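Take a look at the structure set out below.
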2 protein chains.
Amino acid sequence: MSKQHYKADTYKSQSSIGYLVKRAHSLTLDVLEPVIEKLGFSFIQYVILATLRDGIAVNPKDICSQYRHDSGALTRVIDQLAERGLLERVRRDRDRRKVELQLTSAGRETIETLIPQVVDKLNEVLADFSKPEFQELMRLLVKLNTTLQAHVEPSVAAVEA
Amino acid sequence: MSKQHYKADTYKSQSSIGYLVKRAHSLTLDVLEPVIEKLGFSFIQYVILATLRDGIAVNPKDICSQYRHDSGALTRVIDQLAERGLLERVRRDRDRRKVELQLTSAGRETIETLIPQVVDKLNEVLADFSKPEFQELMRLLVKLNTTLQAHVEPSVAAVEA
DNA sequence: GGATAATAGCTGCCAAAGCAGTAATTGCCG
DNA sequence: CGGCAATTACTGCTTTGGCAGCTATTATCC
């Protein structure tokens with residue numbers, strides 16, 4: 001039986017992980033979007049550019065699973081970025097189903113301009129956190145994601161069984 | 001000048017608070033939605049019912065600001081719940097602009113059925129966390145929300161100045 | 001007290017995300 | 001080698017959220 005972090009009879013939705021995380025997500029968007037929109041980009045566009053810059057993913061598929069974004073929706077965002085000349089779709093002969101996304105020099109310039117501003121904003125917001133506090137928050141969020149991931153996958157794998 | 005939790009030249013988007021929180025949010029939905037949809041409700045419907053049960057908010061306006069949901073969108077969700085006979089809109093004479101949302105007995109029964117299942121699922125997911133770890137995560141998330149909130153409000157207040 | 005601003009909820013419109021289904025390519029297994 | 005399943009990207013359709021504007025009601029300020 002699981003540890004009893006929550007109990008049904010004392011559970012309050014405002015102290016639920018789900019609520020706290022959703023709220024943090026919305027608030028983070030509210031804080032970062034103005035910074036990014038000032039340069040004419042949406043948050044999701046920024047995310048894709050940043051992901052490509054960091055070399056975290058090169059295929060739309062990978063971005064989807066990394067960032068948990070819908071595949072169809074992502075295709076359209078990539079269209080926008082390609083039309084603005086910030087990235088290019090390259091078919092590789094290795095596996096012609098895959099599309100490799102490559103930043104153009106304009107795309108690279110754009111993301112290198114955006115990141116410092118986002119970083120500044122994040123640092124400003126997180127100023128109240130001590131170094132250890134911040135690092136502990138990061139560690140716990142990573143752990144939370146890992147455990148959540150493990151409880152999502154089974155339902156997918158269960159279909160296969 | 002702000003503490004340098006992040007630095008532009010070493011910043012990786014996958015270790016950004018924004019990324020971690022967004023991912024945690026998506027994964028939490030993926031874990032909880034199946035539980036809630038099994039009883040025929042969407043997550044946002046559950047949130048409203050839970051909020052009313054806990055007495056955290058009685059007006060649509062309060063739910064909006066608490067949960068960071070769009071006012072227009074919320075109206076339509078409340079419509080759905082009212083049509084299904086789970087809550088009622090009551091105009092109070094005290095301030096006739098406001099609508100007081102009241103759970104019906106069917107609504108109360110529904111949410112009391114849902115909560116234990118959500119709690120069980122959360123405990124299952126959080127089993128890897130020790131008590132202190134869990135409490136520290138909660139504390140840090142609350143603190144994060146508080147500081148984020150403080151950095152969102154100013155932009156609203158600034159317009160007034 | 002009366003004009004004006006502010007608040008609460010609602011409605012219509014638009015953009016974006018989620019979902020299912022398709023086409024092209026590759027992997028797998030007899 | 002051949003047929004079937006799996007993978008990747010993409011495209012329509014539906015649902016939802018976000019935004020602006022509207023009405024009714026209340027608060028404010030001269």
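Going by the structure tokens order, chains are called A, B, ..., each with residues numbered from 1, while ligands are numbered from 1 in the order shown.
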
Within 7 Å of chain A, which residues of chain B come that close, and what is the closest atom pair and distance in Å for each? Count only C-alpha atoms and give it as CSV.
```
residue,atom,partner,partner_atom,distance
B:Ser2,CA,A:Glu124,CA,5.3
B:Lys3,CA,A:Ala127,CA,5.5
B:Gln4,CA,A:Asn123,CA,5.9
B:His5,CA,A:Asn123,CA,5.9
B:Tyr6,CA,A:Val119,CA,6.1
B:Lys7,CA,A:Val119,CA,6.6
B:Ala8,CA,A:Pro116,CA,5.0
B:Lys12,CA,A:Asp54,CA,6.2
B:Ser13,CA,A:Ala50,CA,6.2
B:Gly18,CA,A:Thr28,CA,6.2
B:Leu20,CA,A:Leu141,CA,6.4
B:Val21,CA,A:His25,CA,5.7
B:Lys22,CA,A:His25,CA,5.5
B:Arg23,CA,A:Tyr67,CA,6.4
B:Ala24,CA,A:Asn145,CA,5.5
B:His25,CA,A:Lys22,CA,5.5
B:Ser26,CA,A:Arg68,CA,6.8
B:Leu27,CA,A:Leu148,CA,6.0
B:Thr28,CA,A:Gly18,CA,6.2
B:Asp30,CA,A:Val152,CA,6.5
B:Val31,CA,A:Val152,CA,5.8
B:Ala50,CA,A:Ser13,CA,6.2
B:Thr51,CA,A:Ser13,CA,6.4
B:Asp54,CA,A:Lys12,CA,6.2
B:Tyr67,CA,A:Arg23,CA,6.4
B:Arg68,CA,A:Arg23,CA,6.6
B:Ile115,CA,A:Ala8,CA,6.3
B:Pro116,CA,A:Ala8,CA,5.0
B:Val119,CA,A:Ala8,CA,6.1
B:Asn123,CA,A:Ser2,CA,5.8
B:Glu124,CA,A:Ser2,CA,5.3
B:Val125,CA,A:Leu148,CA,6.3
B:Ala127,CA,A:Lys3,CA,5.5
B:Leu137,CA,A:Leu140,CA,6.3
B:Leu140,CA,A:Leu137,CA,6.3
B:Leu141,CA,A:Leu20,CA,6.4
B:Val142,CA,A:Leu20,CA,6.9
B:Asn145,CA,A:Ala24,CA,5.5
B:Thr147,CA,A:Val125,CA,6.4
B:Leu148,CA,A:Leu27,CA,6.0
B:Gln149,CA,A:Leu27,CA,6.6
B:His151,CA,A:Val125,CA,6.6
B:Val152,CA,A:Val31,CA,5.8
```

Selection from above, N, CA and C atoms, as a compact mmCIF listing (two decimals), in the first residue's frame, can you write it?
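Generated output (out_39.txt):
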```
# COMPACT_ATOMS: atom_id res chain seq x y z
N SER B 2 19.80 40.39 -9.51
CA SER B 2 19.24 39.11 -9.08
C SER B 2 20.30 38.03 -8.92
N LYS B 3 19.99 37.06 -8.07
CA LYS B 3 20.86 35.90 -7.95
C LYS B 3 20.94 35.18 -9.29
N GLN B 4 22.09 34.64 -9.57
CA GLN B 4 22.28 34.00 -10.88
C GLN B 4 22.03 32.50 -10.80
N HIS B 5 20.77 32.15 -10.67
CA HIS B 5 20.46 30.71 -10.70
C HIS B 5 20.76 30.14 -12.08
N TYR B 6 20.37 30.89 -13.09
CA TYR B 6 20.66 30.49 -14.46
C TYR B 6 21.65 31.48 -15.07
N LYS B 7 22.44 31.00 -16.02
CA LYS B 7 23.31 31.89 -16.78
C LYS B 7 23.06 31.64 -18.26
N ALA B 8 23.03 32.71 -19.02
CA ALA B 8 22.65 32.61 -20.43
C ALA B 8 23.51 31.61 -21.20
N LYS B 12 20.18 25.53 -20.28
CA LYS B 12 19.61 24.49 -21.12
C LYS B 12 18.11 24.44 -20.84
N SER B 13 17.34 24.48 -21.90
CA SER B 13 15.89 24.62 -21.69
C SER B 13 15.30 23.45 -20.90
N GLY B 18 10.48 26.58 -16.20
CA GLY B 18 9.33 26.61 -17.09
C GLY B 18 9.07 25.27 -17.72
N LEU B 20 10.22 22.26 -16.68
CA LEU B 20 9.92 21.23 -15.68
C LEU B 20 8.48 21.32 -15.19
N VAL B 21 8.04 22.55 -14.99
CA VAL B 21 6.69 22.74 -14.47
C VAL B 21 5.64 22.39 -15.52
N LYS B 22 5.91 22.80 -16.74
CA LYS B 22 4.97 22.47 -17.83
C LYS B 22 4.84 20.96 -18.00
N ARG B 23 5.97 20.31 -17.94
CA ARG B 23 5.98 18.86 -18.11
C ARG B 23 5.27 18.17 -16.95
N ALA B 24 5.53 18.64 -15.74
CA ALA B 24 4.85 18.07 -14.57
C ALA B 24 3.35 18.26 -14.69
N HIS B 25 2.96 19.40 -15.21
CA HIS B 25 1.53 19.67 -15.37
C HIS B 25 0.90 18.70 -16.36
N SER B 26 1.52 18.56 -17.52
CA SER B 26 0.99 17.64 -18.53
C SER B 26 0.92 16.21 -18.01
N LEU B 27 1.99 15.79 -17.34
CA LEU B 27 2.03 14.42 -16.84
C LEU B 27 0.99 14.18 -15.76
N THR B 28 0.80 15.17 -14.91
CA THR B 28 -0.22 15.04 -13.87
C THR B 28 -1.59 14.85 -14.49
N ASP B 30 -2.18 13.60 -17.42
CA ASP B 30 -2.21 12.27 -18.02
C ASP B 30 -2.51 11.19 -16.98
N VAL B 31 -2.02 11.41 -15.76
CA VAL B 31 -2.23 10.42 -14.70
C VAL B 31 -3.64 10.51 -14.11
N ALA B 50 -14.42 20.15 -6.71
CA ALA B 50 -13.56 20.03 -5.53
C ALA B 50 -13.41 21.39 -4.83
N THR B 51 -13.30 22.43 -5.63
CA THR B 51 -13.16 23.77 -5.06
C THR B 51 -14.39 24.15 -4.25
N ASP B 54 -14.60 22.19 -0.96
CA ASP B 54 -13.69 22.68 0.08
C ASP B 54 -14.06 24.08 0.56
N TYR B 67 -7.75 29.43 -9.66
CA TYR B 67 -7.26 28.36 -10.50
C TYR B 67 -6.68 28.86 -11.81
N ARG B 68 -6.71 30.19 -11.99
CA ARG B 68 -6.15 30.77 -13.22
C ARG B 68 -6.87 30.22 -14.45
N ILE B 115 -13.00 12.11 -5.08
CA ILE B 115 -11.81 12.48 -4.31
C ILE B 115 -10.98 11.29 -3.81
N PRO B 116 -11.61 10.28 -3.21
CA PRO B 116 -10.79 9.15 -2.74
C PRO B 116 -9.99 8.51 -3.87
N VAL B 119 -7.12 10.80 -4.67
CA VAL B 119 -6.15 10.71 -3.57
C VAL B 119 -5.34 9.42 -3.67
N ASN B 123 -1.28 9.28 -4.12
CA ASN B 123 -0.43 8.57 -3.18
C ASN B 123 0.40 7.50 -3.88
N GLU B 124 -0.22 6.84 -4.82
CA GLU B 124 0.48 5.81 -5.59
C GLU B 124 1.66 6.41 -6.35
N VAL B 125 1.40 7.54 -6.98
CA VAL B 125 2.45 8.20 -7.77
C VAL B 125 3.56 8.72 -6.86
N ALA B 127 4.60 7.64 -4.07
CA ALA B 127 5.12 6.64 -3.13
C ALA B 127 6.64 6.71 -2.99
N LEU B 137 8.67 19.62 -1.18
CA LEU B 137 8.18 19.92 -2.53
C LEU B 137 6.95 20.82 -2.48
N LEU B 140 8.00 24.35 -1.45
CA LEU B 140 8.70 25.08 -2.51
C LEU B 140 7.74 25.48 -3.63
N LEU B 141 6.78 24.62 -3.92
CA LEU B 141 5.81 24.96 -4.96
C LEU B 141 4.94 26.14 -4.52
N VAL B 142 4.54 26.12 -3.26
CA VAL B 142 3.75 27.25 -2.75
C VAL B 142 4.57 28.53 -2.83
N ASN B 145 4.82 29.70 -6.39
CA ASN B 145 3.58 30.35 -6.81
C ASN B 145 3.48 31.76 -6.25
N THR B 147 5.89 33.81 -5.35
CA THR B 147 6.82 34.75 -5.98
C THR B 147 6.41 35.03 -7.42
N LEU B 148 5.96 34.00 -8.12
CA LEU B 148 5.50 34.22 -9.50
C LEU B 148 4.34 35.21 -9.50
N GLN B 149 3.41 34.98 -8.60
CA GLN B 149 2.24 35.85 -8.51
C GLN B 149 2.67 37.31 -8.34
N HIS B 151 5.27 38.69 -9.36
CA HIS B 151 5.87 39.24 -10.58
C HIS B 151 4.89 39.35 -11.73
N VAL B 152 3.69 38.84 -11.52
CA VAL B 152 2.66 38.99 -12.55
C VAL B 152 1.84 40.23 -12.27
```

Practice task
Find the residues near Gln102 in chain B: any atom within 7 Å, counting only C-alpha atoms (C1' of nucleotides), skip ones fewer than 3 places away on the same chain, and give them as a PyMOL selection string.
Solution key: chain B and resi 87-89

Completion exercise
What separates CA of Asn59 in chain A and CA of Lys98 in chain A is a distance of 6.7 Å

Contact table chain D vs chain B, cut-off 8 Å, shortest pair per residue, only C-alpha atoms (C1' of nucleotides), as CSV:
```
residue,atom,partner,partner_atom,distance
D:DT16,C1',B:Ala73,CA,7.9
D:DG17,C1',B:Ala73,CA,6.5
D:DG18,C1',B:Asp70,CA,6.9
D:DA24,C1',B:Arg97,CA,7.0
D:DT25,C1',B:Arg97,CA,5.3
D:DT26,C1',B:Asp95,CA,7.4
```

Interface residues on chain C facing chain A, 9 Å, only C-alpha atoms (C1' of nucleotides), written as a PDB file with N, CA and C atoms (P, O5', C5', C4', C3', O3' and C1' of nucleotides), in the first residue's frame:
```
ATOM      1  P    DA C  16      -2.406  30.837 -32.830  1.00  0.00           P
ATOM      2  O5'  DA C  16      -2.569  29.564 -31.880  1.00  0.00           O
ATOM      3  C5'  DA C  16      -2.812  29.768 -30.502  1.00  0.00           C
ATOM      4  C4'  DA C  16      -3.191  28.454 -29.860  1.00  0.00           C
ATOM      5  C3'  DA C  16      -2.301  27.286 -30.293  1.00  0.00           C
ATOM      6  O3'  DA C  16      -1.811  26.634 -29.136  1.00  0.00           O
ATOM      7  C1'  DA C  16      -4.600  26.738 -30.557  1.00  0.00           C
ATOM      8  P    DA C  17      -0.854  25.382 -29.203  1.00  0.00           P
ATOM      9  O5'  DA C  17      -1.786  24.223 -28.648  1.00  0.00           O
ATOM     10  C5'  DA C  17      -2.425  24.408 -27.384  1.00  0.00           C
ATOM     11  C4'  DA C  17      -3.380  23.260 -27.111  1.00  0.00           C
ATOM     12  C3'  DA C  17      -2.743  21.879 -27.235  1.00  0.00           C
ATOM     13  O3'  DA C  17      -3.188  21.065 -26.163  1.00  0.00           O
ATOM     14  C1'  DA C  17      -4.605  22.065 -28.701  1.00  0.00           C
ATOM     15  P    DG C  18      -2.677  19.550 -26.049  1.00  0.00           P
ATOM     16  O5'  DG C  18      -3.900  18.693 -26.574  1.00  0.00           O
ATOM     17  C5'  DG C  18      -5.152  18.809 -25.914  1.00  0.00           C
ATOM     18  C4'  DG C  18      -6.158  17.887 -26.550  1.00  0.00           C
ATOM     19  C3'  DG C  18      -5.656  16.460 -26.772  1.00  0.00           C
ATOM     20  O3'  DG C  18      -6.692  15.559 -26.397  1.00  0.00           O
ATOM     21  C1'  DG C  18      -6.407  17.376 -28.825  1.00  0.00           C
ATOM     22  P    DA C  24       1.668   8.108 -50.528  1.00  0.00           P
ATOM     23  O5'  DA C  24       3.045   7.991 -49.744  1.00  0.00           O
ATOM     24  C5'  DA C  24       3.664   9.178 -49.268  1.00  0.00           C
ATOM     25  C4'  DA C  24       4.826   8.810 -48.366  1.00  0.00           C
ATOM     26  C3'  DA C  24       5.759   7.747 -48.960  1.00  0.00           C
ATOM     27  O3'  DA C  24       7.088   8.201 -48.845  1.00  0.00           O
ATOM     28  C1'  DA C  24       5.048   7.105 -46.796  1.00  0.00           C
ATOM     29  P    DT C  25       8.282   7.405 -49.575  1.00  0.00           P
ATOM     30  O5'  DT C  25       8.925   6.591 -48.371  1.00  0.00           O
ATOM     31  C5'  DT C  25       9.443   7.299 -47.259  1.00  0.00           C
ATOM     32  C4'  DT C  25       9.646   6.359 -46.105  1.00  0.00           C
ATOM     33  C3'  DT C  25      10.605   5.192 -46.363  1.00  0.00           C
ATOM     34  O3'  DT C  25      11.809   5.455 -45.668  1.00  0.00           O
ATOM     35  C1'  DT C  25       8.715   4.569 -45.054  1.00  0.00           C
ATOM     36  P    DT C  26      13.038   4.456 -45.856  1.00  0.00           P
ATOM     37  O5'  DT C  26      12.831   3.439 -44.650  1.00  0.00           O
ATOM     38  C5'  DT C  26      12.851   3.930 -43.314  1.00  0.00           C
ATOM     39  C4'  DT C  26      12.393   2.851 -42.366  1.00  0.00           C
ATOM     40  C3'  DT C  26      13.253   1.578 -42.368  1.00  0.00           C
ATOM     41  O3'  DT C  26      13.874   1.442 -41.114  1.00  0.00           O
ATOM     42  C1'  DT C  26      10.925   1.089 -42.337  1.00  0.00           C
TER      43       DT C  26
END
```

Problem - Filtered DSSP result for range 5-149 of chain B, state helix (DSSP H, G or I), as a VMD selection string - result: chain B and resid 13 to 15 17 to 37 43 to 53 60 to 67 71 to 83 105 to 128 131 to 149

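Residues surrounding DC28 in chain C within 12 Å are DG2, DG3, DC4, DA5 and DA6 of chain D [only C-alpha atoms (C1' of nucleotides); sequence separation below 4 positions excluded].
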
Problem - Test item, strand (DSSP E or B) assignment across range 25-141 of chain A, answer as JSON, numbers by chain - result: {"A": [87, 88, 89, 90, 91, 99, 100, 101, 102, 103]}

Problem - Contacts of DG12 in chain D at 12 Å (only C-alpha atoms (C1' of nucleotides); same-chain gap of 6+ positions) as a list in words - result: Gly72 of chain A; DC19, DA20, DG21 and DT22 of chain C

For those residues, write N, CA and C atoms (P, O5', C5', C4', C3', O3' and C1' of nucleotides) to a file as an mmCIF file, in the first residue's frame.
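Result went into again.cif, see below:
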```cif
data_model
loop_
_atom_site.group_PDB
_atom_site.id
_atom_site.type_symbol
_atom_site.label_atom_id
_atom_site.label_comp_id
_atom_site.auth_asym_id
_atom_site.auth_seq_id
_atom_site.Cartn_x
_atom_site.Cartn_y
_atom_site.Cartn_z
ATOM 1 N N GLY A 72 0.162 16.949 -34.129
ATOM 2 C CA GLY A 72 -0.482 17.771 -35.150
ATOM 3 C C GLY A 72 -0.267 19.247 -34.915
ATOM 4 P P DC C 19 -6.475 13.988 -26.483
ATOM 5 O "O5'" DC C 19 -7.132 13.564 -27.869
ATOM 6 C "C5'" DC C 19 -8.492 13.901 -28.129
ATOM 7 C "C4'" DC C 19 -8.921 13.327 -29.461
ATOM 8 C "C3'" DC C 19 -8.314 11.954 -29.781
ATOM 9 O "O3'" DC C 19 -9.342 11.043 -30.125
ATOM 10 C "C1'" DC C 19 -7.964 13.465 -31.585
ATOM 11 P P DA C 20 -9.033 9.510 -30.384
ATOM 12 O "O5'" DA C 20 -9.350 9.332 -31.938
ATOM 13 C "C5'" DA C 20 -10.424 10.055 -32.519
ATOM 14 C "C4'" DA C 20 -10.337 9.970 -34.024
ATOM 15 C "C3'" DA C 20 -9.829 8.617 -34.542
ATOM 16 O "O3'" DA C 20 -10.556 8.253 -35.693
ATOM 17 C "C1'" DA C 20 -8.429 10.345 -35.328
ATOM 18 P P DG C 21 -10.415 6.815 -36.362
ATOM 19 O "O5'" DG C 21 -10.126 7.114 -37.895
ATOM 20 C "C5'" DG C 21 -10.524 8.355 -38.480
ATOM 21 C "C4'" DG C 21 -9.582 8.732 -39.596
ATOM 22 C "C3'" DG C 21 -8.963 7.539 -40.338
ATOM 23 O "O3'" DG C 21 -8.999 7.799 -41.730
ATOM 24 C "C1'" DG C 21 -7.266 8.984 -39.607
ATOM 25 P P DT C 22 -8.522 6.679 -42.805
ATOM 26 O "O5'" DT C 22 -7.267 7.388 -43.490
ATOM 27 C "C5'" DT C 22 -7.384 8.717 -43.979
ATOM 28 C "C4'" DT C 22 -6.073 9.142 -44.624
ATOM 29 C "C3'" DT C 22 -5.394 8.043 -45.440
ATOM 30 O "O3'" DT C 22 -5.039 8.532 -46.716
ATOM 31 C "C1'" DT C 22 -3.886 8.948 -43.838
#
```

Residues near Gly85 in chain A, anyone? I mean within 12 Å using only C-alpha atoms (C1' of nucleotides), not counting same-chain ones fewer than 6 positions away, as a PDB file with C-alpha atoms, in the first residue's frame.
```pdb
ATOM      1  CA  ILE A  78       7.024  24.303 -37.286  1.00  0.00           C
ATOM      2  CA  ASP A  79       5.295  25.552 -40.426  1.00  0.00           C
ATOM      3  CA  GLN A 102      17.871  22.647 -38.508  1.00  0.00           C
ATOM      4  CA  LEU A 103      18.125  26.190 -37.249  1.00  0.00           C
ATOM      5  CA  THR A 104      19.043  28.720 -39.907  1.00  0.00           C
ATOM      6  CA  SER A 105      21.482  31.466 -38.990  1.00  0.00           C
ATOM      7  CA  ALA A 106      18.496  33.768 -38.534  1.00  0.00           C
ATOM      8  CA  GLY A 107      16.949  31.205 -36.224  1.00  0.00           C
ATOM      9  CA  ARG A 108      20.127  30.874 -34.220  1.00  0.00           C
ATOM     10  CA  GLU A 109      20.424  34.627 -33.910  1.00  0.00           C
ATOM     11  CA  THR A 110      16.824  34.863 -32.729  1.00  0.00           C
TER      12      THR A 110
END
```

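Note that the spacing between CA of Phe43 in chain B and CA of Val90 in chain B amounts to 23.8 Å.
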
Handout entry: Straight-line distance linking CA of Gln45 in chain A with CA of Arg91 in chain A, stated in Å to one decimal
Key = 21.3 Å
